[in-house]
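Right, one structure below, let's go through it.
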Amino acid sequence: MSTKVLVGHFNDGPFIGLNYRTTSQKGVTDNDGKFLYMEGEYVTFSIDKLTIGVAKAASALTLASLHNSANDVAVDVLLPETINRARFVLSLGREADLRNGVVIDETVKNVINPRAHEITFTTSVDAFEQSPSVRTVFEQLGRRFRGAAEARNHTRRGILGIRAIRDVQVPLRDRTYLVADIFRPVNKGVYPVLLRLSIYGRAFTIGSIHTETDYNASEEREAAWYEKDRSPIHPYMRYSESCVSANSSDWVPRGYVVIRVDGRGVGKSPGKLDPFSRQEAEDYYDAIQWAAQQPWSNGMVGLYGASYNATIQWNVAALQPPALKAIAPLATDADAYRDLAYQGGILLENYRRWWFEDTVGPAKNPESAAVDFVGGLRSHPWDDTYYHGKALMSAEYARINVPFITSVSQTSWIHSRAGFESFAQIPSKSKKLLIWDASYTSYMYQDSKCDLEEFFDEHLKGQKPKKEPPPVRLIIRTGDGGFEWRDSDSWPLKGTEYRKFFLDASGEDHGGRLSDIPPRDKGVAIYSADVGGPVEDVALAVFNLEPLRENIELAGHFRASLWVSSSSTDADVFVAVRVFDGEREVQYRTREPGSAAPLTWGVLKASHRALDPELSTAERPWHTHRQKDALPLTPGEIVPIEVELMPATAPFLLDTDFASRSLQLREEEESLGLNGHMTNPITKVLSIVSLQVMSMSAPSPSL
């Protein structure tokens with residue numbers, strides 16, 4: 001056995017003034033919580049007369065390492081004695097986050113010593129909490145006896161080598177500040193930073209801590225997240241410690257500092273709550289530069305987050321903070337008008353009101369003011385300066401040069417287009433695109449975890465991946481929950497062929513056929529746009545595609561070119577491409593059973609149909625949405641419109657027997673003079689385009 005004296009510390013300390021002894025060493029832990037030992041020894045810790053526990057000596061211990069005897073070796077934060085021991089020792093600390101550790105001085109010892117023989121850690125958690133001796137100790141010291149969940153969480157972080165520092169003030173250029181939580185490695189050193197600024201709060205999963213009740217609820221959520229089945233949790237919270245941002249438990253053990261900053265007017269941050277604003281982007285800039293200058297930072301800062309936490313990354317990246325070296329805006333929006341407010345010129349009013357009042361609202365600083373977010377959107381129905389810096393910011397792609405990895409939520413009703421636009425337009429030399437499903441969180445934290453680790457390791461640590469990752473990784477959705485991963489050098493995929501299908505309304509009142517052959521005769525589908533009843537009773541036009549006679553894979557952009565007329569002066573047009581297996585619609589969700597998605601969809605307000613010829617492409621139309629370009633409908637007049645449908649993936653693979661039967665039946669029908677109109681009752685795959693027009697002022701528009 002070596003006779004070298006070794007040094008150990010507690011990861012969940014420092015515990016200063018703690019007595020220790022081994023066979024060869026004894027003493028009191030110093031300001032760094034240091035204790036001495038020799039290889040193979042056991043160490044006993046005590047507070048004067050009260051024995052805290054015994055552990056096999058090592059360079060790094062936690063409170064979960066301690067037991068009643070040297071025979072106990074399991075490390076388990078759920079053991080009652082571990083919980084009791086952690087609650088007792090941690091409650092001796094003065095600060096809520098124990099940033100200065102736990103100081104055991106003569107006052108503490110004098111209070112504990114008279115009751116040391118009455119305090120035992122091997123009782124149940126409830127019995128220990130109710131112990132008169134334990135209660136007396138903390139009443140006399142005037143310190144809060146910490147909750148069981150809080151103690152487990154702190155000890156668990158210690159096992160992972162994570163030190164949490166709460167409520168840190170981040171200075172801003174206007175001499176105010178934001179408030180942040182910092183999660184950094186226990187071991188001293190300098191590390192890259194993953195930072196996010198948000199309006200969702202710093203409580204566990206989501207929200208802010210305004211009261212002691214909020215604090216305890218957050219600690220209970222954190223403990224349950226680690227200790228219980230997560231499947232009942234909403235998918236947006238199931239995988240993340242803090243509302244779709246970097247998990248400290250994933251990244252700190254990999255050698256990163258994780259920082260969560262509350263934006264102005266959120267939690268304990270003063271100021272006016274103003275999401276997507278220029279002020280917010282400048283605050284983000286200041287937080288990035290502050291993080292890079294801290295003694296535990298290597299000066300390299302990356303941004304990581306989804307949804308709102310992704311969208312505002314584009315805004316700060318365009319300001320080009322020097323310390324910002326890489327960003328990961330995942331499941332993102334970018335265009336404040338088209339993505340956030342008015343999809344196809346139609347206001348997302350109900351969603352945005354719910355988002356701002358019920359999701360953001362509870363996290364707001366109760367002493368802060370907030371903008372009238374929904375009112376501002378409603379009073380600016382056209383794409384003008386309001387959405388380009390006057391109130392909200394839109395991504396300035398040309399000004400972004402930082403490496404990025406982005407993703408899209410394929411055919412979700414939000415986050416489904418900005419990833420494609422950014423990948424195509426941003427001039428960064430290093431850029432990656434991930435194409436996920438509409439419900440994106442499992443892909444973010446599981447399937448693409450390695451992609452994100454490689455990306456940040458390369459750009460924040462300088463560690464090149466063993467194999468260069470592909471520029472594009474996408475899931476091909478096969479329907480009914482099925483999918484497969486594919487790598488690509490580009491998007492759209494090489495070899496993509498854009499094919500036209502024509503709507504033929506010559507034979508039915510409420511729809512017709514979809515064919516790759518232009519219709520011989522003119523036709524019209526007429527229906528009422530009265531949407532006052534249940535959704536399932538809303539009228540629409542349906543155009544059926546004949547059963548496919550070839551294998552086809554759809555992976556790319558879609559658009560619908562329509563001719564419409566209405567008895568009103570405006571109309572909202574909704575287009576969806578759906579797939580049917582017989583009478584059953586095939587759903588294109590993958591993992592979340594509560595979600596439902598057609599193959600793809602798109603919307604457009606008819607008066608917003610004016611196009612920008614320079615920005616429109618073969619893949620998608622680009623509507624100006626400017627008031628000067630408004631084109632109200634003249635009742636009864638037929639006008640062309642172009643509807644952007646969301647990019648999507650789906651293969652249609654026919655079995656040989658079905659294809660043969662379809663061809664045989666088609667030949668029989670043609671011989672009977674049925675003009676090829678399929679009447680096959682055994683249709684395996686039937687795709688349709690459904691069109692719905694909502695009148696703005698009159699009940700009976702037509703297509």
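Here's how to read the names in the structure tokens: chain A, B, ... by the order shown, residue numbers from 1 in each chain, ligand numbers from 1 in the order shown.
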Practice prompt. May I have the residues within 12 Å of A:Phe45 as a PyMOL selection string, using only C-alpha atoms and disregarding those fewer than 4 positions away in the same chain?
Written response: chain A and resi 10+15-22+25-29+33+35-36+49-57+61-63+65-69+85+89
Just-selected residues, C-alpha atoms written as a PDB file, in the first residue's frame:
```pdb
ATOM      1  CA  PHE A  10     -16.708  16.865  -1.087  1.00  0.00           C
ATOM      2  CA  PHE A  15     -17.844  21.694   4.225  1.00  0.00           C
ATOM      3  CA  ILE A  16     -15.592  23.934   6.293  1.00  0.00           C
ATOM      4  CA  GLY A  17     -14.712  22.984   9.880  1.00  0.00           C
ATOM      5  CA  LEU A  18     -15.837  19.349   9.608  1.00  0.00           C
ATOM      6  CA  ASN A  19     -13.830  16.956  11.778  1.00  0.00           C
ATOM      7  CA  TYR A  20     -12.321  13.928  10.035  1.00  0.00           C
ATOM      8  CA  ARG A  21     -10.098  11.008  10.953  1.00  0.00           C
ATOM      9  CA  THR A  22      -8.591   7.971   9.270  1.00  0.00           C
ATOM     10  CA  GLN A  25      -4.762  11.149   9.477  1.00  0.00           C
ATOM     11  CA  LYS A  26      -7.052  13.479  11.395  1.00  0.00           C
ATOM     12  CA  GLY A  27      -7.953  17.122  11.318  1.00  0.00           C
ATOM     13  CA  VAL A  28     -10.575  19.688  10.343  1.00  0.00           C
ATOM     14  CA  THR A  29     -11.565  20.501   6.769  1.00  0.00           C
ATOM     15  CA  GLY A  33     -13.258  21.460   2.386  1.00  0.00           C
ATOM     16  CA  PHE A  35      -9.302  16.331   4.068  1.00  0.00           C
ATOM     17  CA  LEU A  36      -6.258  14.020   4.025  1.00  0.00           C
ATOM     18  CA  LYS A  49     -19.490  14.928  19.227  1.00  0.00           C
ATOM     19  CA  LEU A  50     -21.950  14.112  16.407  1.00  0.00           C
ATOM     20  CA  THR A  51     -20.722  11.465  13.954  1.00  0.00           C
ATOM     21  CA  ILE A  52     -21.957  12.320  10.484  1.00  0.00           C
ATOM     22  CA  GLY A  53     -20.849   9.183   8.630  1.00  0.00           C
ATOM     23  CA  VAL A  54     -18.120   6.926   7.283  1.00  0.00           C
ATOM     24  CA  ALA A  55     -16.886   6.487   3.696  1.00  0.00           C
ATOM     25  CA  LYS A  56     -14.061   4.867   1.824  1.00  0.00           C
ATOM     26  CA  ALA A  57     -11.686   7.779   1.351  1.00  0.00           C
ATOM     27  CA  LEU A  61     -16.937  12.344  -2.051  1.00  0.00           C
ATOM     28  CA  THR A  62     -20.539  13.453  -1.682  1.00  0.00           C
ATOM     29  CA  LEU A  63     -22.912  13.262   1.254  1.00  0.00           C
ATOM     30  CA  SER A  65     -20.967   8.478  -0.006  1.00  0.00           C
ATOM     31  CA  LEU A  66     -21.377   8.516   3.770  1.00  0.00           C
ATOM     32  CA  HIS A  67     -22.896   5.646   5.771  1.00  0.00           C
ATOM     33  CA  ASN A  68     -23.067   4.456   9.337  1.00  0.00           C
ATOM     34  CA  SER A  69     -20.224   1.950   8.950  1.00  0.00           C
ATOM     35  CA  ARG A  85     -27.794  13.298   6.673  1.00  0.00           C
ATOM     36  CA  VAL A  89     -25.563  19.097   7.071  1.00  0.00           C
TER      37      VAL A  89
END
```
Item to complete: Please provide the set of residues having any atom within 10 Å of A:Asp97, restricted to only C-alpha atoms, with same-chain residues fewer than 3 positions apart removed, written as a PyMOL selection string.
Response: chain A and resi 90+93-94+100-101+154+163-167+181
Practice prompt. Apply DSSP to the backbone of this structure and, from stretch 327-499 of chain A, keep only the residues in helix (DSSP H, G or I); write these as JSON, numbers by chain.
Written response: {"A": [336, 337, 338, 339, 340, 341, 349, 350, 351, 352, 353, 354, 355, 356, 357, 358, 359, 360, 361, 362, 363, 373, 374, 375, 376, 377, 378, 385, 386, 387, 397, 398, 399, 418, 419, 420, 421, 422, 423, 424, 425, 441, 442, 443, 444, 445, 446, 447, 449, 450, 451, 452, 453, 454, 455, 456, 457, 458, 459, 460, 461]}
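Closest approach to A:Thr590 among A:Leu178, A:Ile475, A:Ala395, A:Leu195: A:Ile475, based on only C-alpha atoms.
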Worksheet item: Using the chain letters and numbers from this document, which residues of stretch 225-376 of chain A does DSSP assign to strand (DSSP E or B), as a ChimeraX atom specification?
Response: /A:242,245,257-262,266,273,297-306,324-330,342-343,346-347,364,370
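If you measure from each of A:Leu92, A:Asn365, A:Arg278, A:Gln130 to A:Tyr200 using only C-alpha atoms, the closest one turns out to be A:Asn365.
For A:Met237, the set of protein, DNA and RNA residues having any atom at most 12 Å away, when counting only C-alpha atoms and skipping those fewer than 5 positions along the same chain, is Tyr200, Ala203, Phe204, Thr205, Ile206, Gly207, Arg221, Glu222, Trp225, Arg230, Ser231, Pro232, Ser242, Cys243, Val244, Ser245, Asn247, Ala306, Tyr440, Thr441, Ser442 and Tyr445 of chain A.
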Take the residues just selected and output them with C-alpha atoms as a compact mmCIF listing (two decimals), in the first residue's frame.
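Done, and the output landed in out_8.txt:
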```txt
# COMPACT_ATOMS: atom_id res chain seq x y z
CA TYR A 200 -39.87 31.12 -19.27
CA ALA A 203 -37.79 27.26 -11.84
CA PHE A 204 -37.46 23.59 -12.69
CA THR A 205 -39.17 22.84 -16.04
CA ILE A 206 -40.83 26.29 -16.31
CA GLY A 207 -41.90 29.36 -14.34
CA ARG A 221 -40.62 18.79 -9.67
CA GLU A 222 -36.87 18.42 -10.00
CA TRP A 225 -38.10 14.36 -12.83
CA ARG A 230 -41.45 10.85 -16.95
CA SER A 231 -43.89 9.54 -19.55
CA PRO A 232 -46.94 11.34 -18.01
CA SER A 242 -35.67 24.08 -17.95
CA CYS A 243 -38.13 24.48 -20.83
CA VAL A 244 -36.27 23.25 -23.93
CA SER A 245 -32.80 24.48 -23.07
CA ASN A 247 -29.69 20.27 -19.28
CA ALA A 306 -35.66 25.50 -28.82
CA TYR A 440 -39.56 17.72 -31.63
CA THR A 441 -38.41 17.33 -28.03
CA SER A 442 -37.48 13.65 -28.07
CA TYR A 445 -32.64 15.38 -26.39
```
Practice prompt. Find the residues near A:His625: any atom within 8 Å, counting only C-alpha atoms, skip ones fewer than 6 places away on the same chain, and give them as a VMD selection string.
Written response: chain A and resid 345 382 to 383 608 to 610
Preceding selection exported with N, CA and C atoms as an mmCIF file, in the first residue's frame:
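Listing of part-v3.cif after writing:
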```
data_model
loop_
_atom_site.group_PDB
_atom_site.id
_atom_site.type_symbol
_atom_site.label_atom_id
_atom_site.label_comp_id
_atom_site.auth_asym_id
_atom_site.auth_seq_id
_atom_site.Cartn_x
_atom_site.Cartn_y
_atom_site.Cartn_z
ATOM 1 N N GLY A 345 -50.586 35.636 -43.495
ATOM 2 C CA GLY A 345 -51.375 36.845 -43.289
ATOM 3 C C GLY A 345 -52.516 36.673 -42.311
ATOM 4 N N TRP A 382 -50.040 44.109 -41.096
ATOM 5 C CA TRP A 382 -49.208 44.030 -42.296
ATOM 6 C C TRP A 382 -47.742 43.976 -41.893
ATOM 7 N N ASP A 383 -46.927 43.445 -42.815
ATOM 8 C CA ASP A 383 -45.496 43.319 -42.546
ATOM 9 C C ASP A 383 -44.825 44.671 -42.756
ATOM 10 N N HIS A 608 -53.849 39.013 -49.251
ATOM 11 C CA HIS A 608 -52.385 39.090 -49.120
ATOM 12 C C HIS A 608 -51.685 38.295 -50.217
ATOM 13 N N ARG A 609 -52.337 38.096 -51.347
ATOM 14 C CA ARG A 609 -51.804 37.176 -52.358
ATOM 15 C C ARG A 609 -50.698 37.773 -53.217
ATOM 16 N N ALA A 610 -50.391 39.046 -53.068
ATOM 17 C CA ALA A 610 -49.342 39.661 -53.880
ATOM 18 C C ALA A 610 -47.994 39.017 -53.586
#
```
Worksheet, complete the sentence: Atom pair atom CA of A:Lys431 + atom CA of A:Ile182, distance 28.0 Å
Discussion item. Residues within 10 Å of stretch 266-272 of chain A, please, as number ranges by chain. Count only C-alpha atoms; anything in the same chain fewer than 4 positions from it doesn't count.
Written reply: A: 167, 169-170, 176-180, 198-203, 207-210, 261-262, 279-280, 360-371
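With only C-alpha atoms as the basis for measurement, A:Asp447 is the residue among A:Glu592, A:Asp447, A:Glu241, A:Glu106 that approaches A:Trp485 most closely.
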